[in-house]
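Input: a single structure, listed below in structure tokens.
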Amino acid sequence: AGAEPVTRIDDLPVRDELRGKSPYGAPQLDVPVRLNTNENPYPLPEPLVERIAERVRAAARDLNRYPDRDAVELRTELARYLTRTGGHQVTRAHVWAANGSNEVIQQLLQTFGGPGRTAIGFEPSYSMHSLIARGTGTGWISGPRDDDFTIDVDAATKAIAENRPDVVFITTPNNPTGNAVSAETVLALHDAAQAAKPSVVVVDEAYVEFSHGASLLPLIEGRPHLVVSRTMSKAFGAAGLRLGYLAADPAVVDAVQLVRLPYHLSAVTQATALAALEHTDTLLGYVEQLKAERDRLVAELRATGYEVTDSDANFVQFGRFEGEGATHAAWQRILDRGVLVRDNGVPGWLRVSAGTPAENDAFLDAVRELKKEQS
Ligand code: PMP
């Protein structure tokens, strides 16, 4: 008897734009030091774990019912957090939450992008912007960055004027490069976009709590097309929770509800996020430690002779690795020493997330040895 025929993805009637594509995913390898996905290295503190258990136990008693579809209590607390830390007063009417900021971005593209429409991002940047565009049938335009990974306002506004996108993504601090975008640049791109066509400008602030500068949240005032996207995955140390949110004009919050699945945010998720928000001050204390470690990584990498892109995030882009295959070879040499960093496909550059001091020491030892080998 012959072997069972194996059905492959491309044997299925999948949409044309998905043919031959691979799913997003950083390698999840079992190595001692994992600094490849910009996670927060600190486990949640024990009192918070206890509080989550309490809140989830209470929620469990009501799991026969659908959750609060509008997540009112959670949005109220997120608005309080934003008002406290973002330099601008918002209410729950300005805030919407979903399962990770990836879902927030998906809902925005379902609402403002879609078939026959386009979105632009300035690359290299967060690759899920283009992948979610593809998944929602939104055309993708790769906008330019300079060689130093800053956004050149003239080049970027030209790309906007020529392509007239429906959605503009600006990631600040940017992933994977780490550098922030100034308020002036964001405003210039916003104004250029509005001049070309009424469009939505999404400022992805996933890493803003690690920034030397301030949040761009105040820019939503008087700009109903400007959306700030946030997450609890990084600063709150809760990547496993899956909780992202946005702040914008209340009309945007109303609009995304046209596409959100009913009851998309489980009662368990809402309870857990509320518990984490009760411990904001402790969690932001870890952010301060990570910022100091990030600055140490930048300084030590430079002292060792690497080039480093200025970082406002909880990760650092370093290089340069010159020559065919050199970047991946460097990634492998670092991995051989038990440290997993990220090759984002930016030629010549790798990215390392700030870990605990001991993890960062292990990384620095590995790249110092690599430098010795190479010289
Ligand atoms: N935006 C940026 C710039 C990111 O780097 C990430 C996570 N890597 C996200 C959004 C998505 O985060 P999450 O879905 O966990 O909120």
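The chains in the structure tokens are called A, B, ... from first to last as shown; in each chain the residues are counted from 1, and the ligands are counted from 1 in the order shown.
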
Select from segment 134-198 of chain A every residue with an atom at most 9 Å from any atom of segment 342-359 of chain A, then for each give the shortest pair of atoms and their distance in Å to one decimal, using only C-alpha atoms, rows by chain and rising number, as a Markdown table.
```
| residue | atom | partner | partner_atom | distance |
| --- | --- | --- | --- | --- |
| A:Pro176 | CA | A:Arg351 | CA | 6.7 |
| A:Thr177 | CA | A:Arg351 | CA | 7.7 |
| A:Gly178 | CA | A:Arg351 | CA | 8.9 |
```

Can I get the selection written as a short mmCIF file (atom, residue, chain, number, x, y, z; two decimals), in the first residue's frame, with N, CA and C atoms?
```cif
data_model
loop_
_atom_site.label_atom_id
_atom_site.label_comp_id
_atom_site.auth_asym_id
_atom_site.auth_seq_id
_atom_site.Cartn_x
_atom_site.Cartn_y
_atom_site.Cartn_z
N PRO A 176 12.47 46.97 14.09
CA PRO A 176 13.53 46.47 14.96
C PRO A 176 14.67 47.46 15.21
N THR A 177 14.56 48.70 14.74
CA THR A 177 15.75 49.57 14.78
C THR A 177 15.93 50.24 16.15
N GLY A 178 14.83 50.46 16.89
CA GLY A 178 14.92 51.01 18.25
C GLY A 178 14.79 52.51 18.37
#
```

Near ligand 1, 9 Å: chain A residue rows, closest pairs, only C-alpha atoms and all ligand atoms, as JSON lines:
```
{"residue": "A:Thr37", "atom": "CA", "partner": "ligand 1", "partner_atom_place_in_ligand_line": "8 (N)", "distance": 6.6}
{"residue": "A:Asn38", "atom": "CA", "partner": "ligand 1", "partner_atom_place_in_ligand_line": "8 (N)", "distance": 6.7}
{"residue": "A:Glu39", "atom": "CA", "partner": "ligand 1", "partner_atom_place_in_ligand_line": "8 (N)", "distance": 8.2}
{"residue": "A:Ala98", "atom": "CA", "partner": "ligand 1", "partner_atom_place_in_ligand_line": "16 (O)", "distance": 8.8}
{"residue": "A:Asn99", "atom": "CA", "partner": "ligand 1", "partner_atom_place_in_ligand_line": "14 (O)", "distance": 7.0}
{"residue": "A:Gly100", "atom": "CA", "partner": "ligand 1", "partner_atom_place_in_ligand_line": "14 (O)", "distance": 3.6}
{"residue": "A:Ser101", "atom": "CA", "partner": "ligand 1", "partner_atom_place_in_ligand_line": "16 (O)", "distance": 3.6}
{"residue": "A:Asn102", "atom": "CA", "partner": "ligand 1", "partner_atom_place_in_ligand_line": "14 (O)", "distance": 3.9}
{"residue": "A:Glu103", "atom": "CA", "partner": "ligand 1", "partner_atom_place_in_ligand_line": "14 (O)", "distance": 6.6}
{"residue": "A:Val104", "atom": "CA", "partner": "ligand 1", "partner_atom_place_in_ligand_line": "14 (O)", "distance": 8.0}
{"residue": "A:Ile105", "atom": "CA", "partner": "ligand 1", "partner_atom_place_in_ligand_line": "10 (C)", "distance": 8.0}
{"residue": "A:Ser125", "atom": "CA", "partner": "ligand 1", "partner_atom_place_in_ligand_line": "3 (C)", "distance": 7.4}
{"residue": "A:Tyr126", "atom": "CA", "partner": "ligand 1", "partner_atom_place_in_ligand_line": "3 (C)", "distance": 5.1}
{"residue": "A:Ser127", "atom": "CA", "partner": "ligand 1", "partner_atom_place_in_ligand_line": "5 (O)", "distance": 8.4}
{"residue": "A:Met128", "atom": "CA", "partner": "ligand 1", "partner_atom_place_in_ligand_line": "10 (C)", "distance": 7.6}
{"residue": "A:His129", "atom": "CA", "partner": "ligand 1", "partner_atom_place_in_ligand_line": "1 (N)", "distance": 8.0}
{"residue": "A:Thr171", "atom": "CA", "partner": "ligand 1", "partner_atom_place_in_ligand_line": "3 (C)", "distance": 5.8}
{"residue": "A:Thr172", "atom": "CA", "partner": "ligand 1", "partner_atom_place_in_ligand_line": "3 (C)", "distance": 7.5}
{"residue": "A:Pro173", "atom": "CA", "partner": "ligand 1", "partner_atom_place_in_ligand_line": "3 (C)", "distance": 7.6}
{"residue": "A:Asn174", "atom": "CA", "partner": "ligand 1", "partner_atom_place_in_ligand_line": "3 (C)", "distance": 6.3}
{"residue": "A:Asn175", "atom": "CA", "partner": "ligand 1", "partner_atom_place_in_ligand_line": "3 (C)", "distance": 5.2}
{"residue": "A:Pro176", "atom": "CA", "partner": "ligand 1", "partner_atom_place_in_ligand_line": "5 (O)", "distance": 7.4}
{"residue": "A:Asp204", "atom": "CA", "partner": "ligand 1", "partner_atom_place_in_ligand_line": "1 (N)", "distance": 5.8}
{"residue": "A:Glu205", "atom": "CA", "partner": "ligand 1", "partner_atom_place_in_ligand_line": "3 (C)", "distance": 6.8}
{"residue": "A:Ala206", "atom": "CA", "partner": "ligand 1", "partner_atom_place_in_ligand_line": "1 (N)", "distance": 4.9}
{"residue": "A:Tyr207", "atom": "CA", "partner": "ligand 1", "partner_atom_place_in_ligand_line": "3 (C)", "distance": 7.0}
{"residue": "A:Ser229", "atom": "CA", "partner": "ligand 1", "partner_atom_place_in_ligand_line": "1 (N)", "distance": 7.9}
{"residue": "A:Arg230", "atom": "CA", "partner": "ligand 1", "partner_atom_place_in_ligand_line": "16 (O)", "distance": 6.9}
{"residue": "A:Thr231", "atom": "CA", "partner": "ligand 1", "partner_atom_place_in_ligand_line": "16 (O)", "distance": 4.4}
{"residue": "A:Met232", "atom": "CA", "partner": "ligand 1", "partner_atom_place_in_ligand_line": "16 (O)", "distance": 6.4}
{"residue": "A:Ser233", "atom": "CA", "partner": "ligand 1", "partner_atom_place_in_ligand_line": "15 (O)", "distance": 4.8}
{"residue": "A:Lys234", "atom": "CA", "partner": "ligand 1", "partner_atom_place_in_ligand_line": "15 (O)", "distance": 7.5}
{"residue": "A:Ala238", "atom": "CA", "partner": "ligand 1", "partner_atom_place_in_ligand_line": "15 (O)", "distance": 8.4}
{"residue": "A:Ala239", "atom": "CA", "partner": "ligand 1", "partner_atom_place_in_ligand_line": "15 (O)", "distance": 5.5}
{"residue": "A:Gly240", "atom": "CA", "partner": "ligand 1", "partner_atom_place_in_ligand_line": "15 (O)", "distance": 7.9}
{"residue": "A:Leu241", "atom": "CA", "partner": "ligand 1", "partner_atom_place_in_ligand_line": "15 (O)", "distance": 8.4}
{"residue": "A:Arg242", "atom": "CA", "partner": "ligand 1", "partner_atom_place_in_ligand_line": "15 (O)", "distance": 5.8}
{"residue": "A:Leu243", "atom": "CA", "partner": "ligand 1", "partner_atom_place_in_ligand_line": "16 (O)", "distance": 6.0}
{"residue": "A:Gly244", "atom": "CA", "partner": "ligand 1", "partner_atom_place_in_ligand_line": "16 (O)", "distance": 4.7}
{"residue": "A:Tyr245", "atom": "CA", "partner": "ligand 1", "partner_atom_place_in_ligand_line": "16 (O)", "distance": 8.0}
```

Atoms to include: C-alpha atoms. Write the selected residues as a tab-separated table (two decimals), in the first residue's frame.
```tsv
chain	number	residue	atom	x	y	z
A	37	THR	CA	11.32	38.72	21.03
A	38	ASN	CA	11.50	41.94	23.06
A	39	GLU	CA	9.76	40.32	26.00
A	98	ALA	CA	-8.31	43.91	22.05
A	99	ASN	CA	-6.23	40.70	22.18
A	100	GLY	CA	-2.81	42.26	21.77
A	101	SER	CA	-2.06	45.35	19.74
A	102	ASN	CA	-1.86	42.98	16.76
A	103	GLU	CA	-5.63	42.61	17.02
A	104	VAL	CA	-6.01	46.37	17.47
A	105	ILE	CA	-4.06	46.82	14.23
A	125	SER	CA	9.68	48.34	10.72
A	126	TYR	CA	7.33	45.96	12.51
A	127	SER	CA	6.67	43.27	9.92
A	128	MET	CA	3.18	42.45	11.21
A	129	HIS	CA	1.90	45.75	9.82
A	171	THR	CA	6.17	52.98	14.74
A	172	THR	CA	7.87	54.92	17.51
A	173	PRO	CA	10.09	53.73	19.06
A	174	ASN	CA	10.56	51.70	15.90
A	175	ASN	CA	11.00	47.94	15.86
A	176	PRO	CA	13.53	46.47	14.96
A	204	ASP	CA	2.37	52.35	17.11
A	205	GLU	CA	3.74	53.07	20.58
A	206	ALA	CA	4.24	49.46	21.69
A	207	TYR	CA	7.58	50.39	23.32
A	229	SER	CA	-1.70	52.06	19.60
A	230	ARG	CA	-0.33	50.52	22.83
A	231	THR	CA	0.22	47.13	24.45
A	232	MET	CA	0.61	45.50	27.86
A	233	SER	CA	3.02	42.97	26.30
A	234	LYS	CA	6.19	44.97	26.94
A	238	ALA	CA	2.46	40.57	30.15
A	239	ALA	CA	3.08	39.29	26.61
A	240	GLY	CA	1.22	36.09	27.54
A	241	LEU	CA	-1.88	38.06	28.52
A	242	ARG	CA	-2.60	39.33	25.00
A	243	LEU	CA	-3.87	42.81	25.74
A	244	GLY	CA	-3.42	45.75	23.40
A	245	TYR	CA	-5.32	49.01	23.25
```

Which of segment 110-235 of chain A fall in strand (DSSP E or B), as a list in words =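 Checking each residue of segment 110-235 of chain A, the strand (DSSP E or B) ones are Thr118, Ala119, Ile120, Gly121, Phe122, Gly139, Trp140, Ile141, Ser142, Gly143, Val167, Val168, Phe169, Ile170, Thr171, Val200, Val201, Val202, Val203, Asp204, Leu226, Val227, Val228, Ser229, Arg230 and Thr231 of chain A.
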
Those same residues - C-alpha atoms - I'd like them written as an mmCIF file, in the first residue's frame.
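again07.cif, freshly written:
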```cif
data_model
loop_
_atom_site.group_PDB
_atom_site.id
_atom_site.type_symbol
_atom_site.label_atom_id
_atom_site.label_comp_id
_atom_site.auth_asym_id
_atom_site.auth_seq_id
_atom_site.Cartn_x
_atom_site.Cartn_y
_atom_site.Cartn_z
ATOM 1 C CA THR A 118 -3.666 50.640 0.765
ATOM 2 C CA ALA A 119 -1.514 51.121 3.841
ATOM 3 C CA ILE A 120 2.068 52.453 4.060
ATOM 4 C CA GLY A 121 4.810 51.822 6.613
ATOM 5 C CA PHE A 122 8.406 53.063 6.688
ATOM 6 C CA GLY A 139 -2.485 46.724 -0.411
ATOM 7 C CA TRP A 140 0.942 47.367 1.156
ATOM 8 C CA ILE A 141 3.339 50.173 0.280
ATOM 9 C CA SER A 142 6.881 50.036 1.639
ATOM 10 C CA GLY A 143 7.884 53.605 2.479
ATOM 11 C CA VAL A 167 -3.669 54.030 6.429
ATOM 12 C CA VAL A 168 -0.224 55.293 7.515
ATOM 13 C CA PHE A 169 1.812 53.372 10.115
ATOM 14 C CA ILE A 170 4.457 55.182 12.157
ATOM 15 C CA THR A 171 6.174 52.983 14.743
ATOM 16 C CA VAL A 200 -5.924 57.181 9.318
ATOM 17 C CA VAL A 201 -2.463 57.593 10.864
ATOM 18 C CA VAL A 202 -1.585 54.838 13.322
ATOM 19 C CA VAL A 203 1.212 55.716 15.755
ATOM 20 C CA ASP A 204 2.374 52.346 17.108
ATOM 21 C CA LEU A 226 -4.677 60.022 14.442
ATOM 22 C CA VAL A 227 -4.646 56.805 16.495
ATOM 23 C CA VAL A 228 -2.122 55.808 19.162
ATOM 24 C CA SER A 229 -1.700 52.058 19.599
ATOM 25 C CA ARG A 230 -0.329 50.519 22.825
ATOM 26 C CA THR A 231 0.220 47.132 24.453
#
```

task = For atom CA of Ala93 of chain A and atom CA of Pro250 of chain A, quote the distance in Å rounded to one decimal.
result =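 If I compute the distance from atom CA of Ala93 of chain A to atom CA of Pro250 of chain A, I get 5.2 Å.
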
request  = One decimal, Å: what's the distance from atom CA of Thr304 of chain A over to atom CA of Val367 of chain A, could you say?
outcome  =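 Between atom CA of Thr304 of chain A and atom CA of Val367 of chain A the gap is 8.3 Å.
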
query = From the set A:Pro43, A:Asp148, A:Ala248, A:Lys197, which residue has the shortest atom-to-atom contact distance to Glu307 of chain A, counting only C-alpha atoms?
reply = A:Asp148

task = Check the smallest atom-to-atom distance from each of A:Leu364, A:Leu44, A:Val208, A:Val90 to Ala299 of chain A using only C-alpha atoms, then report the winner.
result = A:Leu364
